[in-house]
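S.K.: The following file, work-v4.csv, comprises CSV, C-alpha atoms:
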chain,number,residue,atom,x,y,z
O,1,MET,CA,-18.5,6.1,-9.9
O,2,ALA,CA,-17.8,9.8,-10.5
O,3,GLU,CA,-17.6,12.8,-8.3
O,4,PRO,CA,-17.1,16.6,-8.9
O,5,VAL,CA,-13.5,17.9,-9.1
O,6,PRO,CA,-12.6,18.7,-5.5
O,7,GLU,CA,-11.1,21.9,-4.1
O,8,TYR,CA,-7.5,20.9,-3.7
O,9,GLY,CA,-6.1,21.3,-0.3
O,10,ARG,CA,-9.6,21.6,1.3
O,11,VAL,CA,-10.4,19.2,4.2
O,12,GLU,CA,-13.5,17.1,3.7
O,13,VAL,CA,-15.2,14.9,6.3
O,14,CYS,CA,-15.6,11.3,5.1
O,15,ALA,CA,-16.7,9.5,8.2
O,16,GLU,CA,-16.5,9.9,12.0
O,17,GLY,CA,-13.0,10.8,12.8
O,18,VAL,CA,-11.8,10.6,9.2
O,19,GLN,CA,-11.0,13.5,6.8
O,20,ARG,CA,-9.8,13.7,3.3
O,21,VAL,CA,-7.4,16.0,1.5
O,22,VAL,CA,-7.1,15.5,-2.3
O,23,ALA,CA,-3.7,16.3,-3.9
O,24,ASP,CA,-3.5,18.4,-7.0
O,25,ASN,CA,-2.2,15.6,-9.2
O,26,PRO,CA,-5.1,14.8,-11.5
O,27,GLY,CA,-4.4,12.6,-14.5
O,28,ILE,CA,-5.5,9.6,-16.6
O,29,MET,CA,-4.0,7.3,-13.9
O,30,THR,CA,-4.9,9.3,-10.8
O,31,TYR,CA,-8.4,10.6,-11.6
O,32,HIS,CA,-8.9,13.9,-9.7
O,33,GLY,CA,-5.8,13.2,-7.6
O,34,THR,CA,-4.5,11.2,-4.7
O,35,ASN,CA,-6.8,11.0,-1.6
O,36,THR,CA,-4.8,11.5,1.6
O,37,TYR,CA,-6.8,10.4,4.7
O,38,LEU,CA,-6.5,11.9,8.2
O,39,VAL,CA,-7.7,9.6,10.9
O,40,GLU,CA,-8.1,10.9,14.5
O,41,ALA,CA,-6.1,8.9,17.0
O,42,GLU,CA,-5.0,9.4,20.7
O,43,GLY,CA,-1.3,9.6,19.8
O,44,GLY,CA,-1.9,12.1,17.0
O,45,THR,CA,-3.5,12.0,13.6
O,46,ILE,CA,-2.7,9.0,11.4
O,47,VAL,CA,-2.0,10.0,7.9
O,48,ILE,CA,-2.8,7.4,5.2
O,49,ASP,CA,-1.0,7.8,1.9
O,50,PRO,CA,0.7,11.2,2.2
O,51,GLY,CA,0.5,11.7,-1.5
O,52,PRO,CA,2.8,13.2,-4.1
O,53,ASP,CA,5.7,15.4,-3.3
O,54,LEU,CA,3.9,18.7,-3.6
O,55,PRO,CA,4.7,21.4,-1.0
O,56,ALA,CA,1.2,22.7,-1.1
O,57,HIS,CA,-0.2,19.3,-0.3
O,58,VAL,CA,2.2,18.8,2.6
O,59,ASP,CA,1.2,22.3,3.9
O,60,ALA,CA,-2.5,21.4,3.7
O,61,ILE,CA,-1.9,18.2,5.7
O,62,MET,CA,0.1,20.0,8.4
O,63,ALA,CA,-2.6,22.8,8.6
O,64,ALA,CA,-5.4,20.2,8.9
O,65,THR,CA,-3.6,18.3,11.7
O,66,GLY,CA,-2.0,21.2,13.5
O,67,GLY,CA,1.2,19.4,12.9
O,68,ARG,CA,0.1,16.7,15.5
O,69,ILE,CA,0.7,13.6,13.5
O,70,GLY,CA,1.2,10.2,15.2
O,71,ALA,CA,2.0,8.0,12.2
O,72,ILE,CA,2.3,8.1,8.4
O,73,LEU,CA,1.0,5.0,6.6
O,74,VAL,CA,2.0,4.1,3.1
O,75,SER,CA,-0.2,1.7,1.0
O,76,HIS,CA,2.6,1.1,-1.5
O,77,GLY,CA,5.6,2.6,-3.1
O,78,HIS,CA,4.2,4.5,-6.1
O,79,GLY,CA,5.2,8.2,-6.1
O,80,ASP,CA,1.7,9.6,-6.1
O,81,HIS,CA,1.2,7.9,-2.7
O,82,VAL,CA,4.6,8.0,-1.0
O,83,GLY,CA,6.2,11.1,-2.6
O,84,ALA,CA,5.4,13.4,0.3
O,85,ALA,CA,6.2,10.9,3.0
O,86,ASN,CA,9.8,12.1,3.7
O,87,ALA,CA,8.8,15.8,3.7
O,88,LEU,CA,5.9,15.1,6.0
O,89,ARG,CA,8.1,13.2,8.4
O,90,GLU,CA,10.6,16.0,8.5
O,91,ALA,CA,7.8,18.5,9.2
O,92,SER,CA,6.1,16.4,11.9
O,93,ASP,CA,8.7,13.9,13.3
O,94,ALA,CA,6.1,11.2,12.7
O,95,PRO,CA,7.3,7.7,11.8
O,96,ILE,CA,6.7,6.2,8.4
O,97,HIS,CA,5.0,2.8,8.3
O,98,ALA,CA,5.5,0.9,5.1
O,99,SER,CA,5.9,-2.6,3.7
O,100,PRO,CA,9.2,-4.3,4.5
O,101,LEU,CA,9.4,-5.5,0.8
O,102,PRO,CA,11.6,-3.6,-1.6
O,103,PRO,CA,9.5,-0.6,-2.9
O,104,VAL,CA,8.1,-0.8,-6.4
O,105,GLY,CA,8.5,2.9,-7.0
O,106,SER,CA,9.7,5.8,-5.0
O,107,ALA,CA,12.3,5.0,-2.3
O,108,VAL,CA,11.2,5.7,1.2
O,109,ASN,CA,13.0,4.8,4.4
O,110,ALA,CA,10.4,3.3,6.6
O,111,ASP,CA,10.7,3.7,10.4
O,112,VAL,CA,8.3,0.8,11.0
O,113,SER,CA,7.6,-2.2,8.9
O,114,LEU,CA,4.0,-3.0,8.3
O,115,GLU,CA,2.8,-6.6,9.1
O,116,ASN,CA,-0.4,-8.3,8.0
O,117,GLY,CA,-2.8,-8.0,11.0
O,118,GLY,CA,-0.6,-5.4,12.8
O,119,ARG,CA,-2.2,-2.6,14.7
O,120,ILE,CA,-1.6,1.1,14.3
O,121,GLY,CA,-4.0,2.8,16.8
O,122,ASP,CA,-7.5,1.6,15.9
O,123,LEU,CA,-6.4,0.5,12.4
O,124,ILE,CA,-5.3,-2.9,11.3
O,125,ALA,CA,-2.9,-3.4,8.4
O,126,VAL,CA,-4.1,-5.8,5.7
O,127,ALA,CA,-1.6,-7.2,3.2
O,128,THR,CA,-3.2,-7.0,-0.3
O,129,PRO,CA,-0.6,-7.9,-2.9
O,130,GLY,CA,-1.6,-7.7,-6.5
O,131,HIS,CA,-1.6,-4.2,-7.8
O,132,THR,CA,1.9,-4.2,-6.4
O,133,ARG,CA,3.7,-6.8,-4.4
O,134,ASP,CA,4.2,-4.3,-1.5
O,135,HIS,CA,0.5,-3.2,-1.2
O,136,PHE,CA,-1.2,-2.8,2.1
O,137,CYS,CA,-4.7,-1.6,3.0
O,138,PHE,CA,-6.0,-0.5,6.4
O,139,MET,CA,-9.3,-1.3,8.1
O,140,ARG,CA,-11.0,0.1,11.1
O,141,PRO,CA,-13.0,-2.8,12.6
O,142,SER,CA,-15.1,-0.6,14.9
O,143,ASP,CA,-17.2,0.7,11.9
O,144,GLY,CA,-16.1,-1.4,8.9
O,145,ILE,CA,-14.1,1.3,7.2
O,146,PHE,CA,-11.6,0.0,4.7
O,147,PHE,CA,-8.9,2.3,3.3
O,148,SER,CA,-8.2,0.5,0.0
O,149,GLY,CA,-5.3,2.4,-1.5
O,150,ASP,CA,-5.0,1.3,-5.2
O,151,HIS,CA,-6.1,-2.2,-4.4
O,152,ILE,CA,-9.7,-1.0,-5.1
O,153,MET,CA,-10.4,2.3,-6.7
O,154,THR,CA,-14.0,3.6,-7.2
O,155,TRP,CA,-13.5,5.4,-10.5
O,156,SER,CA,-11.7,2.6,-12.4
O,157,SER,CA,-10.2,-0.8,-12.1
O,158,SER,CA,-6.6,-1.1,-11.0
O,159,ILE,CA,-3.6,-1.7,-13.1
O,160,VAL,CA,-1.7,-4.9,-12.3
O,161,SER,CA,1.8,-4.7,-13.9
O,162,PRO,CA,3.8,-8.0,-14.1
O,163,THR,CA,7.0,-6.1,-13.2
O,164,GLN,CA,5.5,-4.8,-9.9
O,165,GLY,CA,2.5,-7.0,-9.1
O,166,ASN,CA,0.8,-10.3,-9.8
O,167,MET,CA,-2.6,-11.1,-11.2
O,168,ALA,CA,-3.2,-14.3,-9.2
O,169,ASP,CA,-2.3,-12.4,-6.0
O,170,TYR,CA,-4.6,-9.5,-7.0
O,171,MET,CA,-7.6,-11.8,-7.6
O,172,GLN,CA,-7.0,-13.6,-4.3
O,173,SER,CA,-6.8,-10.3,-2.4
O,174,LEU,CA,-10.1,-9.3,-4.0
O,175,ARG,CA,-11.6,-12.6,-2.8
O,176,GLU,CA,-10.4,-11.9,0.7
O,177,THR,CA,-11.8,-8.4,0.6
O,178,ILE,CA,-15.2,-9.7,-0.6
O,179,ALA,CA,-15.3,-12.3,2.2
O,180,ARG,CA,-14.6,-9.6,4.9
O,181,ASP,CA,-17.7,-7.6,3.9
O,182,ASP,CA,-16.5,-4.1,4.7
O,183,GLN,CA,-19.1,-1.4,5.2
O,184,VAL,CA,-17.4,1.7,3.8
O,185,LEU,CA,-14.6,1.9,1.2
O,186,LEU,CA,-12.2,4.9,1.1
O,187,PRO,CA,-9.9,4.5,-1.9
O,188,ALA,CA,-6.8,6.4,-2.8
O,189,HIS,CA,-8.5,7.6,-6.0
O,190,GLY,CA,-12.2,8.3,-6.4
O,191,PRO,CA,-15.1,8.9,-4.1
O,192,VAL,CA,-16.1,7.2,-0.9
O,193,MET,CA,-18.3,4.1,-1.4
O,194,GLN,CA,-20.9,2.7,1.0
O,195,GLY,CA,-21.5,-1.1,1.0
O,196,PRO,CA,-18.8,-2.0,-1.5
O,197,LYS,CA,-19.2,-5.8,-1.5
O,198,THR,CA,-21.1,-5.9,-4.8
O,199,TYR,CA,-18.7,-3.6,-6.5
O,200,CYS,CA,-15.7,-5.6,-5.3
O,201,ALA,CA,-17.3,-8.8,-6.6
O,202,ALA,CA,-17.8,-7.1,-10.0
O,203,LEU,CA,-14.1,-6.2,-10.1
O,204,LEU,CA,-13.3,-9.9,-9.5
O,205,ASP,CA,-15.8,-10.9,-12.2
O,206,LEU,CA,-14.2,-8.5,-14.6
O,207,ARG,CA,-10.8,-10.2,-14.2
O,208,ILE,CA,-12.4,-13.7,-14.7
O,209,ARG,CA,-14.2,-12.5,-17.8
O,210,ARG,CA,-11.0,-10.9,-19.1
O,211,GLU,CA,-9.2,-14.2,-18.6
O,212,ASN,CA,-11.9,-16.0,-20.5
O,213,ALA,CA,-11.8,-13.5,-23.3
O,214,ILE,CA,-8.0,-14.1,-23.7
O,215,LEU,CA,-8.6,-17.8,-23.9
O,216,GLU,CA,-11.3,-17.3,-26.5
O,217,ALA,CA,-9.0,-15.0,-28.5
O,218,LEU,CA,-6.2,-17.6,-28.5
O,219,ALA,CA,-8.6,-20.3,-29.6
O,220,SER,CA,-8.4,-18.9,-33.2
O,221,GLY,CA,-4.6,-19.1,-33.1
O,222,PRO,CA,-1.4,-17.8,-31.4
O,223,LYS,CA,-1.2,-14.0,-30.8
O,224,ASP,CA,1.4,-11.6,-29.5
O,225,LEU,CA,0.7,-8.8,-27.0
O,226,VAL,CA,-0.2,-6.3,-29.7
O,227,GLY,CA,-2.7,-8.7,-31.3
O,228,LEU,CA,-4.3,-9.4,-27.9
O,229,VAL,CA,-4.6,-5.7,-27.0
O,230,GLN,CA,-6.3,-5.0,-30.3
O,231,ARG,CA,-8.6,-7.9,-29.8
O,232,ILE,CA,-9.5,-7.4,-26.1
O,233,TYR,CA,-9.4,-3.6,-26.0
O,234,PRO,CA,-10.5,-2.5,-29.5
O,235,HIS,CA,-11.7,0.9,-28.4
O,236,GLN,CA,-8.7,2.1,-26.4
O,237,THR,CA,-6.9,4.9,-28.3
O,238,HIS,CA,-5.1,6.9,-25.6
O,239,GLU,CA,-1.4,6.0,-25.4
O,240,LYS,CA,-1.4,5.6,-21.6
O,241,SER,CA,-4.6,3.6,-21.7
O,242,ILE,CA,-3.1,1.2,-24.3
O,243,TRP,CA,-0.1,0.9,-22.1
O,244,ALA,CA,-2.2,0.1,-19.1
O,245,ALA,CA,-4.2,-2.5,-21.1
O,246,GLY,CA,-1.0,-4.1,-22.2
O,247,GLN,CA,0.3,-4.3,-18.6
O,248,ASN,CA,-3.0,-5.9,-17.4
O,249,LEU,CA,-2.9,-8.5,-20.3
O,250,MET,CA,0.8,-9.3,-19.5
O,251,ALA,CA,-0.2,-10.0,-15.9
O,252,HIS,CA,-3.1,-12.2,-17.0
O,253,MET,CA,-0.7,-14.1,-19.3
O,254,GLU,CA,1.7,-14.7,-16.5
O,255,LYS,CA,-1.1,-16.2,-14.5
O,256,LEU,CA,-2.3,-18.4,-17.4
O,257,LEU,CA,1.3,-19.5,-18.0
O,258,SER,CA,1.6,-20.4,-14.3
O,259,ASP,CA,-1.8,-22.2,-14.5
O,260,GLY,CA,-0.5,-24.3,-17.4
O,261,ARG,CA,-3.2,-23.0,-19.8
O,262,VAL,CA,-1.0,-21.2,-22.3
O,263,VAL,CA,2.6,-21.4,-23.6
O,264,THR,CA,4.8,-19.0,-25.5
O,265,ASP,CA,6.6,-19.7,-28.8
O,266,GLU,CA,9.8,-18.4,-30.3
O,267,ASP,CA,8.0,-15.4,-31.8
O,268,ASP,CA,6.8,-14.2,-28.3
O,269,ALA,CA,3.3,-15.2,-29.2
O,270,TRP,CA,1.0,-17.1,-26.9
O,271,ARG,CA,-1.0,-20.2,-27.7
O,272,LEU,CA,-3.3,-22.5,-25.9
O,273,VAL,CA,-2.0,-25.7,-24.3
O,274,GLU,CA,-3.4,-28.5,-26.3
Starting from the file, lay out its structure as structure tokens.

M.R.:
Amino acid sequence: MAEPVPEYGRVEVCAEGVQRVVADNPGIMTYHGTNTYLVEAEGGTIVIDPGPDLPAHVDAIMAATGGRIGAILVSHGHGDHVGAANALREASDAPIHASPLPPVGSAVNADVSLENGGRIGDLIAVATPGHTRDHFCFMRPSDGIFFSGDHIMTWSSSIVSPTQGNMADYMQSLRETIARDDQVLLPAHGPVMQGPKTYCAALLDLRIRRENAILEALASGPKDLVGLVQRIYPHQTHEKSIWAAGQNLMAHMEKLLSDGRVVTDEDDAWRLVE
């Protein structure tokens, strides 16, 4: 799902009481940039994913909120989401809410630990481990809005790195998202999506089909990571895309190992369990 390149620093209305400011950090992993969401609340604006450590982005958030910020919510510890958190706290005196788990990326000293089901104003924190072990999303039950972070992006599927996340957890988090039937999806990268249930189901189906493709590839004999990437992602040529493909495959292999469907040999190749 594509959208035009935004005007960086410009405030856009996404839904009632919700605005978006896109950070100027476009890239092959971030699409047009990180979406920072500003949610109206009685105690001051709630900022979801303050974005990368870019002074111009912090200035744009401060200008849009008039400096009246009640809370800063962090979906997970990657730098393109949390990099500006400390600077925004210093500028506004607002507390940072983040997972109590060790951060997977940039260090941030949280003032408040997020809890699954915990409330921040009209929002509810939803633990969604998978993309990273510390990932949280936020939902607004009054109108079915779901701020999905990197758990679900609308321009691409998410990377699940075995050093930071877990494929089995990711697939379970997708199942829980599908079961909840949110009405509007606001991702950290990509455009707003209405009625996202079918899209979320397609993302889960993609992982199931990828797992089946791995098993099919191994049916012809043991393969190492390079061999699997070449077989499963034959058209990937960009270095970062190949890296991302390898990370996803490693996460799938960890799941298949845990499920008892594959084993590794002394040459770091995988083979099917007979």

S.K.: Could you check the closest approach to Asp267 of chain O for each of O:Lys223, O:His235, O:Arg68, O:His252 and tell me which residue wins, using all atoms listed in the file?

M.R.: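 Checking each candidate against Asp267 of chain O, we get O:Lys223 as the closest.
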
S.K.: Between O:Pro129, O:Gly105, O:Pro4, O:Pro50, single out the one closest to Tyr37 of chain O, counting all atoms listed in the file.

M.R.: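 So, comparing all the options, the nearest one is O:Pro50.
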
S.K.: Tell me which protein, DNA and RNA residues are within 12 Å of Pro196 of chain O, counting only C-alpha atoms, leaving out same-chain ones fewer than 5 positions away, and put them as a PyMOL selection string.

M.R.: chain O and resi 1+144-148+152-154+174+177-187+191+201-203

S.K.: Looking at O:Ala168, O:Ala63, O:Val263, O:Ala188, which one is nearest to Val82 of chain O, with distances taken over all atoms listed in the file?

M.R.: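 Among the listed residues, the smallest separation from Val82 of chain O belongs to O:Ala188.
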
S.K.: Counting only C-alpha atoms, which residue out of O:Gly9, O:Gly246, O:Gly121, O:Gly79 sits closest to Ala41 of chain O?

M.R.: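 For Ala41 of chain O, the nearest of the given residues is O:Gly121.
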
S.K.: Quick one: pull the distance between atom CA of Ser113 of chain O and atom CA of Gln247 of chain O, Å, one decimal.

M.R.: 28.5 Å
